[in-house]
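Okay, protein_29.tsv now, which holds TSV, C-alpha atoms:
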```tsv
chain	number	residue	atom	x	y	z
A	1	ILE	CA	126.07	102.55	91.22
A	2	GLN	CA	125.45	106.28	90.84
A	3	SER	CA	123.86	105.80	87.43
A	4	LEU	CA	121.70	102.97	88.74
A	5	ALA	CA	120.52	105.09	91.65
A	6	VAL	CA	119.68	108.05	89.42
A	7	VAL	CA	117.82	105.82	86.95
A	8	ALA	CA	115.94	104.05	89.75
A	9	THR	CA	114.86	107.32	91.35
A	10	ALA	CA	113.96	108.78	87.93
A	11	VAL	CA	111.75	105.75	87.21
A	12	SER	CA	110.19	106.16	90.66
A	13	LEU	CA	109.54	109.85	89.97
A	14	ILE	CA	107.98	109.11	86.58
A	15	ALA	CA	105.77	106.43	88.15
A	16	ALA	CA	104.80	108.82	90.96
A	17	VAL	CA	103.87	111.56	88.46
A	18	TRP	CA	101.82	109.07	86.44
A	19	LEU	CA	100.12	107.84	89.61
A	20	TYR	CA	99.33	111.37	90.72
A	21	VAL	CA	97.87	112.29	87.32
A	22	GLN	CA	95.71	109.15	87.36
A	23	MET	CA	94.50	109.89	90.89
A	24	TYR	CA	93.79	113.54	90.01
A	25	PHE	CA	90.94	112.46	87.73
A	26	LEU	CA	89.52	109.92	90.20
A	27	HIS	CA	87.54	111.80	92.83
A	28	ASP	CA	85.76	108.89	94.47
A	29	GLY	CA	87.83	108.71	97.69
A	30	ALA	CA	88.54	104.99	97.28
A	31	PHE	CA	91.86	103.21	97.21
A	32	HIS	CA	93.19	102.52	93.73
A	33	PHE	CA	96.05	100.49	92.29
A	34	VAL	CA	95.63	98.04	95.17
A	35	GLU	CA	97.98	95.09	95.27
A	36	GLY	CA	98.22	92.52	98.00
A	37	TRP	CA	98.24	88.98	99.28
A	38	MET	CA	97.71	87.26	102.61
A	39	TRP	CA	100.90	87.09	104.63
A	40	ASP	CA	99.75	85.58	107.95
A	41	ALA	CA	96.12	84.51	108.01
A	42	ALA	CA	96.16	83.62	111.72
A	43	MET	CA	96.98	87.19	112.73
A	44	GLY	CA	95.18	88.83	109.81
A	45	ILE	CA	98.36	90.34	108.39
A	46	GLN	CA	98.33	90.92	104.67
A	47	TYR	CA	100.75	92.64	102.35
A	48	LYS	CA	98.49	95.26	100.83
A	49	LEU	CA	99.50	98.46	99.06
A	50	GLY	CA	97.34	101.11	97.43
A	51	VAL	CA	96.91	104.83	97.00
A	52	ASP	CA	94.11	107.27	97.61
A	53	GLY	CA	93.73	111.03	97.31
A	54	LEU	CA	95.86	111.64	100.41
A	55	SER	CA	98.74	109.28	99.71
A	56	ALA	CA	99.13	110.14	95.99
A	57	PRO	CA	100.58	113.64	96.64
A	58	MET	CA	102.87	112.18	99.33
A	59	VAL	CA	104.15	109.57	96.87
A	60	LEU	CA	104.72	112.34	94.30
A	61	LEU	CA	106.60	114.46	96.83
A	62	SER	CA	108.69	111.47	97.91
A	63	GLY	CA	109.57	110.69	94.30
A	64	LEU	CA	110.64	114.28	93.72
A	65	VAL	CA	112.73	114.42	96.91
A	66	CYS	CA	114.39	111.06	96.23
A	67	PHE	CA	115.29	111.98	92.65
A	68	THR	CA	116.69	115.31	93.79
A	69	ALA	CA	118.64	113.60	96.57
A	70	ALA	CA	120.13	111.15	94.05
A	71	LEU	CA	121.22	114.01	91.80
A	72	ILE	CA	122.74	115.97	94.69
A	73	SER	CA	124.49	112.83	95.93
A	74	LEU	CA	126.47	112.40	92.74
A	75	SER	CA	129.29	114.33	94.40
A	76	ILE	CA	129.70	111.66	97.11
A	77	ASP	CA	133.05	109.97	96.69
A	78	HIS	CA	133.39	108.14	100.04
A	79	ARG	CA	131.85	104.63	100.14
A	80	GLN	CA	129.48	105.30	97.24
A	81	LYS	CA	128.03	101.81	97.02
A	82	GLU	CA	126.96	101.73	100.67
A	83	TYR	CA	125.56	105.24	100.46
A	84	PHE	CA	123.35	104.58	97.47
A	85	VAL	CA	122.18	101.20	98.76
A	86	LEU	CA	121.15	102.83	102.05
A	87	MET	CA	119.52	105.74	100.21
A	88	LEU	CA	117.50	103.44	97.96
A	89	THR	CA	116.52	101.29	100.95
A	90	ALA	CA	115.28	104.36	102.81
A	91	MET	CA	113.43	105.46	99.67
A	92	THR	CA	111.72	102.07	99.46
A	93	GLY	CA	110.62	102.40	103.06
A	94	VAL	CA	109.21	105.88	102.50
A	95	PHE	CA	107.17	104.77	99.50
A	96	GLY	CA	105.97	101.77	101.50
A	97	VAL	CA	104.86	103.95	104.41
A	98	PHE	CA	102.71	106.10	102.15
A	99	THR	CA	101.15	103.20	100.25
A	100	SER	CA	100.73	100.58	102.98
A	101	LEU	CA	97.17	99.57	103.79
A	102	ASP	CA	98.09	97.17	106.61
A	103	LEU	CA	99.31	98.43	109.99
A	104	PHE	CA	101.93	95.70	110.35
A	105	PHE	CA	103.55	96.62	107.05
A	106	LEU	CA	103.23	100.31	107.87
A	107	VAL	CA	105.49	99.75	110.88
A	108	LEU	CA	107.77	97.48	108.86
A	109	PHE	CA	108.20	100.09	106.11
A	110	TYR	CA	108.67	102.82	108.74
A	111	GLU	CA	111.57	100.85	110.21
A	112	LEU	CA	112.91	100.19	106.71
A	113	ALA	CA	112.97	103.95	106.16
A	114	SER	CA	114.34	104.96	109.55
A	115	ILE	CA	117.18	102.48	110.17
A	116	PRO	CA	119.25	103.47	107.08
A	117	MET	CA	118.95	107.11	108.13
A	118	PHE	CA	121.13	106.38	111.17
A	119	PHE	CA	123.97	105.26	108.91
A	120	LEU	CA	123.41	108.00	106.34
A	121	VAL	CA	123.63	110.71	108.99
A	122	GLY	CA	126.36	109.00	111.03
A	123	ILE	CA	128.72	108.30	108.13
A	124	TRP	CA	127.96	110.93	105.48
A	125	GLY	CA	126.58	113.71	107.67
A	126	SER	CA	128.55	116.89	108.19
A	127	ASP	CA	130.12	118.34	111.30
A	128	LYS	CA	129.09	121.98	111.50
A	129	LEU	CA	131.03	124.47	113.57
A	130	SER	CA	128.79	127.53	113.40
A	131	GLY	CA	128.23	128.62	116.99
A	132	ARG	CA	128.35	125.33	118.85
A	133	PRO	CA	129.78	122.19	117.27
A	134	ILE	CA	127.44	119.54	115.91
A	135	TYR	CA	128.88	116.04	115.70
A	136	LYS	CA	127.36	113.70	113.15
A	137	GLU	CA	127.72	110.65	115.40
A	138	ARG	CA	125.70	112.26	118.18
A	139	ALA	CA	123.18	113.60	115.68
A	140	ALA	CA	122.75	110.11	114.21
A	141	MET	CA	122.24	108.60	117.67
A	142	LYS	CA	119.64	111.22	118.61
A	143	LEU	CA	117.85	110.69	115.29
A	144	LEU	CA	117.79	106.94	115.88
A	145	ILE	CA	116.43	107.38	119.40
A	146	TYR	CA	113.70	109.78	118.25
A	147	LEU	CA	112.67	107.65	115.27
A	148	GLN	CA	112.64	104.40	117.23
A	149	LEU	CA	110.80	105.98	120.15
A	150	GLY	CA	108.18	107.30	117.73
A	151	GLY	CA	107.96	103.93	116.00
A	152	GLY	CA	107.60	102.20	119.36
A	153	ILE	CA	104.76	104.49	120.35
A	154	VAL	CA	103.01	103.84	117.04
A	155	LEU	CA	103.51	100.09	117.49
A	156	MET	CA	102.05	100.25	121.01
A	157	GLY	CA	99.06	102.15	119.63
A	158	ILE	CA	98.58	99.49	116.96
A	159	PHE	CA	98.71	96.74	119.58
A	160	GLY	CA	96.23	98.71	121.68
A	161	LEU	CA	93.85	98.93	118.73
A	162	TYR	CA	94.32	95.27	117.96
A	163	PHE	CA	93.53	94.09	121.50
A	164	ALA	CA	90.71	96.62	121.96
A	165	SER	CA	89.02	95.37	118.80
A	166	GLY	CA	88.69	91.87	120.28
A	167	MET	CA	90.28	90.05	117.36
```
Same coordinates, now as structure tokens:
Amino acid sequence: IQSLAVVATAVSLIAAVWLYVQMYFLHDGAFHFVEGWMWDAAMGIQYKLGVDGLSAPMVLLSGLVCFTAALISLSIDHRQKEYFVLMLTAMTGVFGVFTSLDLFFLVLFYELASIPMFFLVGIWGSDKLSGRPIYKERAAMKLLIYLQLGGGIVLMGIFGLYFASGM
């Protein structure tokens, strides 16, 4: 599983570098490498991904961070399979957030990135004892509350935009 995770993140990093180099020479401000299909025509939800000049550096940075995290995580010896599955799931969500062109899938990918973080912090986090103690279970719960509260606010804003647009 470790080798698979390192290879998957290396392929993602190589693809992100290639994508960034391609976008570097395109200065038109449009979305490129767009892929999508209609998901729910009644609500106007479509699975649509693409990159522009703003999302390409974020995809590159995410690829670099994920590859580095996979390399650093090779020392994990407790429940490796679960750890790497959760890490790759969170990585998928992060890439989806930066490439999503539909608000519904933006929220979906945000949740896909944030939910595994609760388990990653709660199970594999560290308990620090410098000054005051930090417990990984409480840190995971606070992280989950903050991320879900932020996601809920974003979702409410999306609903507000949807109903204000008169669709």
Legend entry - Pairwise distance for atom CA of A:Leu60 and atom CA of A:Ser114, rounded to one decimal in Å: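 Spanning atom CA of A:Leu60 to atom CA of A:Ser114 is a straight-line distance of 19.5 Å.
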Inset, instruction - Considering all atoms listed in the file, state which residue in the set A:Ala5, A:Asp28, A:Gly44, A:Leu49 is at the smallest distance from A:Leu74. - result: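 Counting all atoms listed in the file, the residue closest to A:Leu74 is A:Ala5.
For the choices A:Ile153, A:Cys66, A:Leu54, A:Leu103, the atom-to-atom distance to A:Gly29 is smallest for A:Leu54 when using only C-alpha atoms.
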Inset, instruction - Could you tell me how far atom CA of A:Val65 lies from atom CA of A:Ser3, in Å and to one decimal? - result: 17.0 Å
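When only C-alpha atoms are used to compute distances to A:Pro57, the closest of the residues A:Val85, A:Ala90, A:Ala41, A:Leu19 turns out to be A:Leu19.
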Inset, instruction - Could you please determine the separation between atom CA of A:Gly93 and atom CA of A:Tyr110 in Å, to one decimal place? - result: 6.0 Å
Legend entry - Shell around A:Tyr146 at 12 Å using only C-alpha atoms, local window under 4 positions removed, as a list of chain:residue names: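 Skipping anything fewer than 4 positions along the chain leaves A:Ser114, A:Ile115, A:Met117, A:Phe118, A:Ala139, A:Ala140, A:Met141, A:Lys142, A:Gly150, A:Gly151, A:Gly152, A:Ile153.
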With all atoms of stretch 102-109 of chain A from the file as input, state the centre and edge lengths in Å to one decimal of the axis-aligned box that has 5 Å extra on each side, as AutoDock Vina command-line options.
```
--center_x 103.1 --center_y 98.0 --center_z 108.5 --size_x 20.1 --size_y 14.6 --size_z 14.8
```
Around the point (100.8, 113.1, 88.6) (coordinates from the file), which residues reach within 12 Å if we count all atoms listed in the file? Answer as an mmCIF file with C-alpha atoms, in the coordinates of the input.
```cif
data_model
loop_
_atom_site.group_PDB
_atom_site.id
_atom_site.type_symbol
_atom_site.label_atom_id
_atom_site.label_comp_id
_atom_site.auth_asym_id
_atom_site.auth_seq_id
_atom_site.Cartn_x
_atom_site.Cartn_y
_atom_site.Cartn_z
ATOM 1 C CA SER A 12 110.190 106.160 90.660
ATOM 2 C CA LEU A 13 109.540 109.850 89.970
ATOM 3 C CA ILE A 14 107.980 109.110 86.580
ATOM 4 C CA ALA A 15 105.770 106.430 88.150
ATOM 5 C CA ALA A 16 104.800 108.820 90.960
ATOM 6 C CA VAL A 17 103.870 111.560 88.460
ATOM 7 C CA TRP A 18 101.820 109.070 86.440
ATOM 8 C CA LEU A 19 100.120 107.840 89.610
ATOM 9 C CA TYR A 20 99.330 111.370 90.720
ATOM 10 C CA VAL A 21 97.870 112.290 87.320
ATOM 11 C CA GLN A 22 95.710 109.150 87.360
ATOM 12 C CA MET A 23 94.500 109.890 90.890
ATOM 13 C CA TYR A 24 93.790 113.540 90.010
ATOM 14 C CA PHE A 25 90.940 112.460 87.730
ATOM 15 C CA LEU A 26 89.520 109.920 90.200
ATOM 16 C CA GLY A 53 93.730 111.030 97.310
ATOM 17 C CA SER A 55 98.740 109.280 99.710
ATOM 18 C CA ALA A 56 99.130 110.140 95.990
ATOM 19 C CA PRO A 57 100.580 113.640 96.640
ATOM 20 C CA MET A 58 102.870 112.180 99.330
ATOM 21 C CA VAL A 59 104.150 109.570 96.870
ATOM 22 C CA LEU A 60 104.720 112.340 94.300
ATOM 23 C CA LEU A 61 106.600 114.460 96.830
ATOM 24 C CA GLY A 63 109.570 110.690 94.300
ATOM 25 C CA LEU A 64 110.640 114.280 93.720
#
```
Legend entry - Protein, DNA and RNA residues within 7 Å of (93.5, 103.1, 91.4), all atoms listed in the file, as a VMD selection string: chain A and resid 23 31 to 34 51
Legend entry - Distance query A:Ser73 at most 10 Å, all atoms listed in the file, self and fewer than 2 positions along chain excluded, as number ranges by chain: A: 2, 5-6, 67-71, 75-77, 80, 83-84, 87
Given the selection you just returned, output its residues as a file containing C-alpha atoms, formatted as a CSV table (one decimal), in the coordinates of the input.
```csv
chain,number,residue,atom,x,y,z
A,2,GLN,CA,125.4,106.3,90.8
A,5,ALA,CA,120.5,105.1,91.6
A,6,VAL,CA,119.7,108.0,89.4
A,67,PHE,CA,115.3,112.0,92.6
A,68,THR,CA,116.7,115.3,93.8
A,69,ALA,CA,118.6,113.6,96.6
A,70,ALA,CA,120.1,111.2,94.0
A,71,LEU,CA,121.2,114.0,91.8
A,75,SER,CA,129.3,114.3,94.4
A,76,ILE,CA,129.7,111.7,97.1
A,77,ASP,CA,133.0,110.0,96.7
A,80,GLN,CA,129.5,105.3,97.2
A,83,TYR,CA,125.6,105.2,100.5
A,84,PHE,CA,123.4,104.6,97.5
A,87,MET,CA,119.5,105.7,100.2
```
Inset, instruction - Select, from A:Ala30, A:Val94, A:Leu106, A:Leu144, the residue with the minimum atom-to-atom distance to A:Asp52, counting all atoms listed in the file. - result: A:Ala30
Inset, instruction - Point out the residue among A:Phe159, A:Leu143, A:Thr89, A:His78 with the least atom-to-atom distance to A:Ile123, counting all atoms listed in the file. - result: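 Closest to A:Ile123 of all the choices is A:His78.
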Contacts of stretch 162-165 of chain A at 12 Å (all atoms listed in the file; same-chain gap of 6+ positions) as a CSV table (one decimal) with C-alpha atoms, in the coordinates of the input:
```csv
chain,number,residue,atom,x,y,z
A,43,MET,CA,97.0,87.2,112.7
A,44,GLY,CA,95.2,88.8,109.8
A,45,ILE,CA,98.4,90.3,108.4
A,103,LEU,CA,99.3,98.4,110.0
A,104,PHE,CA,101.9,95.7,110.4
A,155,LEU,CA,103.5,100.1,117.5
A,156,MET,CA,102.0,100.2,121.0
```
Legend entry - Contacts of A:Asp127 within 12 Å, all atoms listed in the file, excl. fewer than 6 positions in-chain, as a list in words: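 Neighbouring residues, sequence-local ones excluded: Val121, Pro133, Ile134, Tyr135, Lys136, Glu137, Arg138, Ala139 and Ala140 of chain A.
Using all atoms listed in the file, the shortest contact distance between A:Tyr47 and any of A:Pro116, A:Gly166, A:Gly160, A:Gly96 is found at A:Gly96.
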Shell around A:Thr92 at 9 Å using only C-alpha atoms, local window under 6 positions removed, as a tab-separated table (two decimals) with C-alpha atoms, in the coordinates of the input:
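Here's the written file selection-v5.tsv:
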```tsv
chain	number	residue	atom	x	y	z
A	109	PHE	CA	108.20	100.09	106.11
A	112	LEU	CA	112.91	100.19	106.71
A	113	ALA	CA	112.97	103.95	106.16
```
Since the input is missing atoms, can you rebuild N, CA, C and O atoms for stretch 46-64 of chain A and write them as an mmCIF file, in the frame of the given file?
```cif
data_model
loop_
_atom_site.group_PDB
_atom_site.id
_atom_site.type_symbol
_atom_site.label_atom_id
_atom_site.label_comp_id
_atom_site.auth_asym_id
_atom_site.auth_seq_id
_atom_site.Cartn_x
_atom_site.Cartn_y
_atom_site.Cartn_z
ATOM 1 N N GLN A 46 98.220 91.086 106.112
ATOM 2 C CA GLN A 46 98.330 90.920 104.670
ATOM 3 C C GLN A 46 99.166 92.040 104.075
ATOM 4 O O GLN A 46 99.111 93.173 104.524
ATOM 5 N N TYR A 47 99.966 91.659 103.100
ATOM 6 C CA TYR A 47 100.750 92.640 102.350
ATOM 7 C C TYR A 47 99.787 93.300 101.385
ATOM 8 O O TYR A 47 99.292 92.679 100.453
ATOM 9 N N LYS A 48 99.473 94.564 101.658
ATOM 10 C CA LYS A 48 98.490 95.260 100.830
ATOM 11 C C LYS A 48 98.931 96.710 100.652
ATOM 12 O O LYS A 48 99.116 97.435 101.628
ATOM 13 N N LEU A 49 99.097 97.097 99.404
ATOM 14 C CA LEU A 49 99.500 98.460 99.060
ATOM 15 C C LEU A 49 98.449 99.078 98.166
ATOM 16 O O LEU A 49 97.809 98.392 97.370
ATOM 17 N N GLY A 50 98.270 100.377 98.278
ATOM 18 C CA GLY A 50 97.340 101.110 97.430
ATOM 19 C C GLY A 50 97.488 102.599 97.681
ATOM 20 O O GLY A 50 98.164 103.023 98.619
ATOM 21 N N VAL A 51 96.857 103.380 96.843
ATOM 22 C CA VAL A 51 96.910 104.830 97.000
ATOM 23 C C VAL A 51 95.502 105.405 96.965
ATOM 24 O O VAL A 51 94.602 104.860 96.335
ATOM 25 N N ASP A 52 95.351 106.513 97.662
ATOM 26 C CA ASP A 52 94.110 107.270 97.610
ATOM 27 C C ASP A 52 94.472 108.735 97.400
ATOM 28 O O ASP A 52 95.618 109.059 97.101
ATOM 29 N N GLY A 53 93.507 109.606 97.557
ATOM 30 C CA GLY A 53 93.730 111.030 97.310
ATOM 31 C C GLY A 53 94.713 111.678 98.264
ATOM 32 O O GLY A 53 95.295 112.717 97.957
ATOM 33 N N LEU A 54 94.914 111.090 99.442
ATOM 34 C CA LEU A 54 95.860 111.640 100.410
ATOM 35 C C LEU A 54 97.277 111.115 100.189
ATOM 36 O O LEU A 54 98.244 111.865 100.296
ATOM 37 N N SER A 55 97.402 109.849 99.853
ATOM 38 C CA SER A 55 98.740 109.280 99.710
ATOM 39 C C SER A 55 99.364 109.584 98.346
ATOM 40 O O SER A 55 100.593 109.582 98.231
ATOM 41 N N ALA A 56 98.568 109.859 97.325
ATOM 42 C CA ALA A 56 99.130 110.140 95.990
ATOM 43 C C ALA A 56 100.037 111.382 95.996
ATOM 44 O O ALA A 56 101.140 111.318 95.441
ATOM 45 N N PRO A 57 99.643 112.505 96.604
ATOM 46 C CA PRO A 57 100.580 113.640 96.640
ATOM 47 C C PRO A 57 101.833 113.347 97.474
ATOM 48 O O PRO A 57 102.918 113.840 97.155
ATOM 49 N N MET A 58 101.705 112.514 98.519
ATOM 50 C CA MET A 58 102.870 112.180 99.330
ATOM 51 C C MET A 58 103.839 111.293 98.533
ATOM 52 O O MET A 58 105.054 111.443 98.659
ATOM 53 N N VAL A 59 103.304 110.396 97.725
ATOM 54 C CA VAL A 59 104.150 109.570 96.870
ATOM 55 C C VAL A 59 104.850 110.454 95.830
ATOM 56 O O VAL A 59 106.039 110.279 95.552
ATOM 57 N N LEU A 60 104.121 111.413 95.271
ATOM 58 C CA LEU A 60 104.720 112.340 94.300
ATOM 59 C C LEU A 60 105.836 113.153 94.949
ATOM 60 O O LEU A 60 106.926 113.293 94.384
ATOM 61 N N LEU A 61 105.584 113.679 96.124
ATOM 62 C CA LEU A 61 106.600 114.460 96.830
ATOM 63 C C LEU A 61 107.808 113.605 97.165
ATOM 64 O O LEU A 61 108.952 114.047 97.017
ATOM 65 N N SER A 62 107.578 112.371 97.596
ATOM 66 C CA SER A 62 108.690 111.470 97.910
ATOM 67 C C SER A 62 109.504 111.155 96.664
ATOM 68 O O SER A 62 110.746 111.110 96.717
ATOM 69 N N GLY A 63 108.852 110.935 95.542
ATOM 70 C CA GLY A 63 109.570 110.690 94.300
ATOM 71 C C GLY A 63 110.428 111.876 93.898
ATOM 72 O O GLY A 63 111.577 111.711 93.464
ATOM 73 N N LEU A 64 109.892 113.071 94.052
ATOM 74 C CA LEU A 64 110.640 114.280 93.720
ATOM 75 C C LEU A 64 111.840 114.466 94.650
ATOM 76 O O LEU A 64 112.960 114.747 94.196
#
```
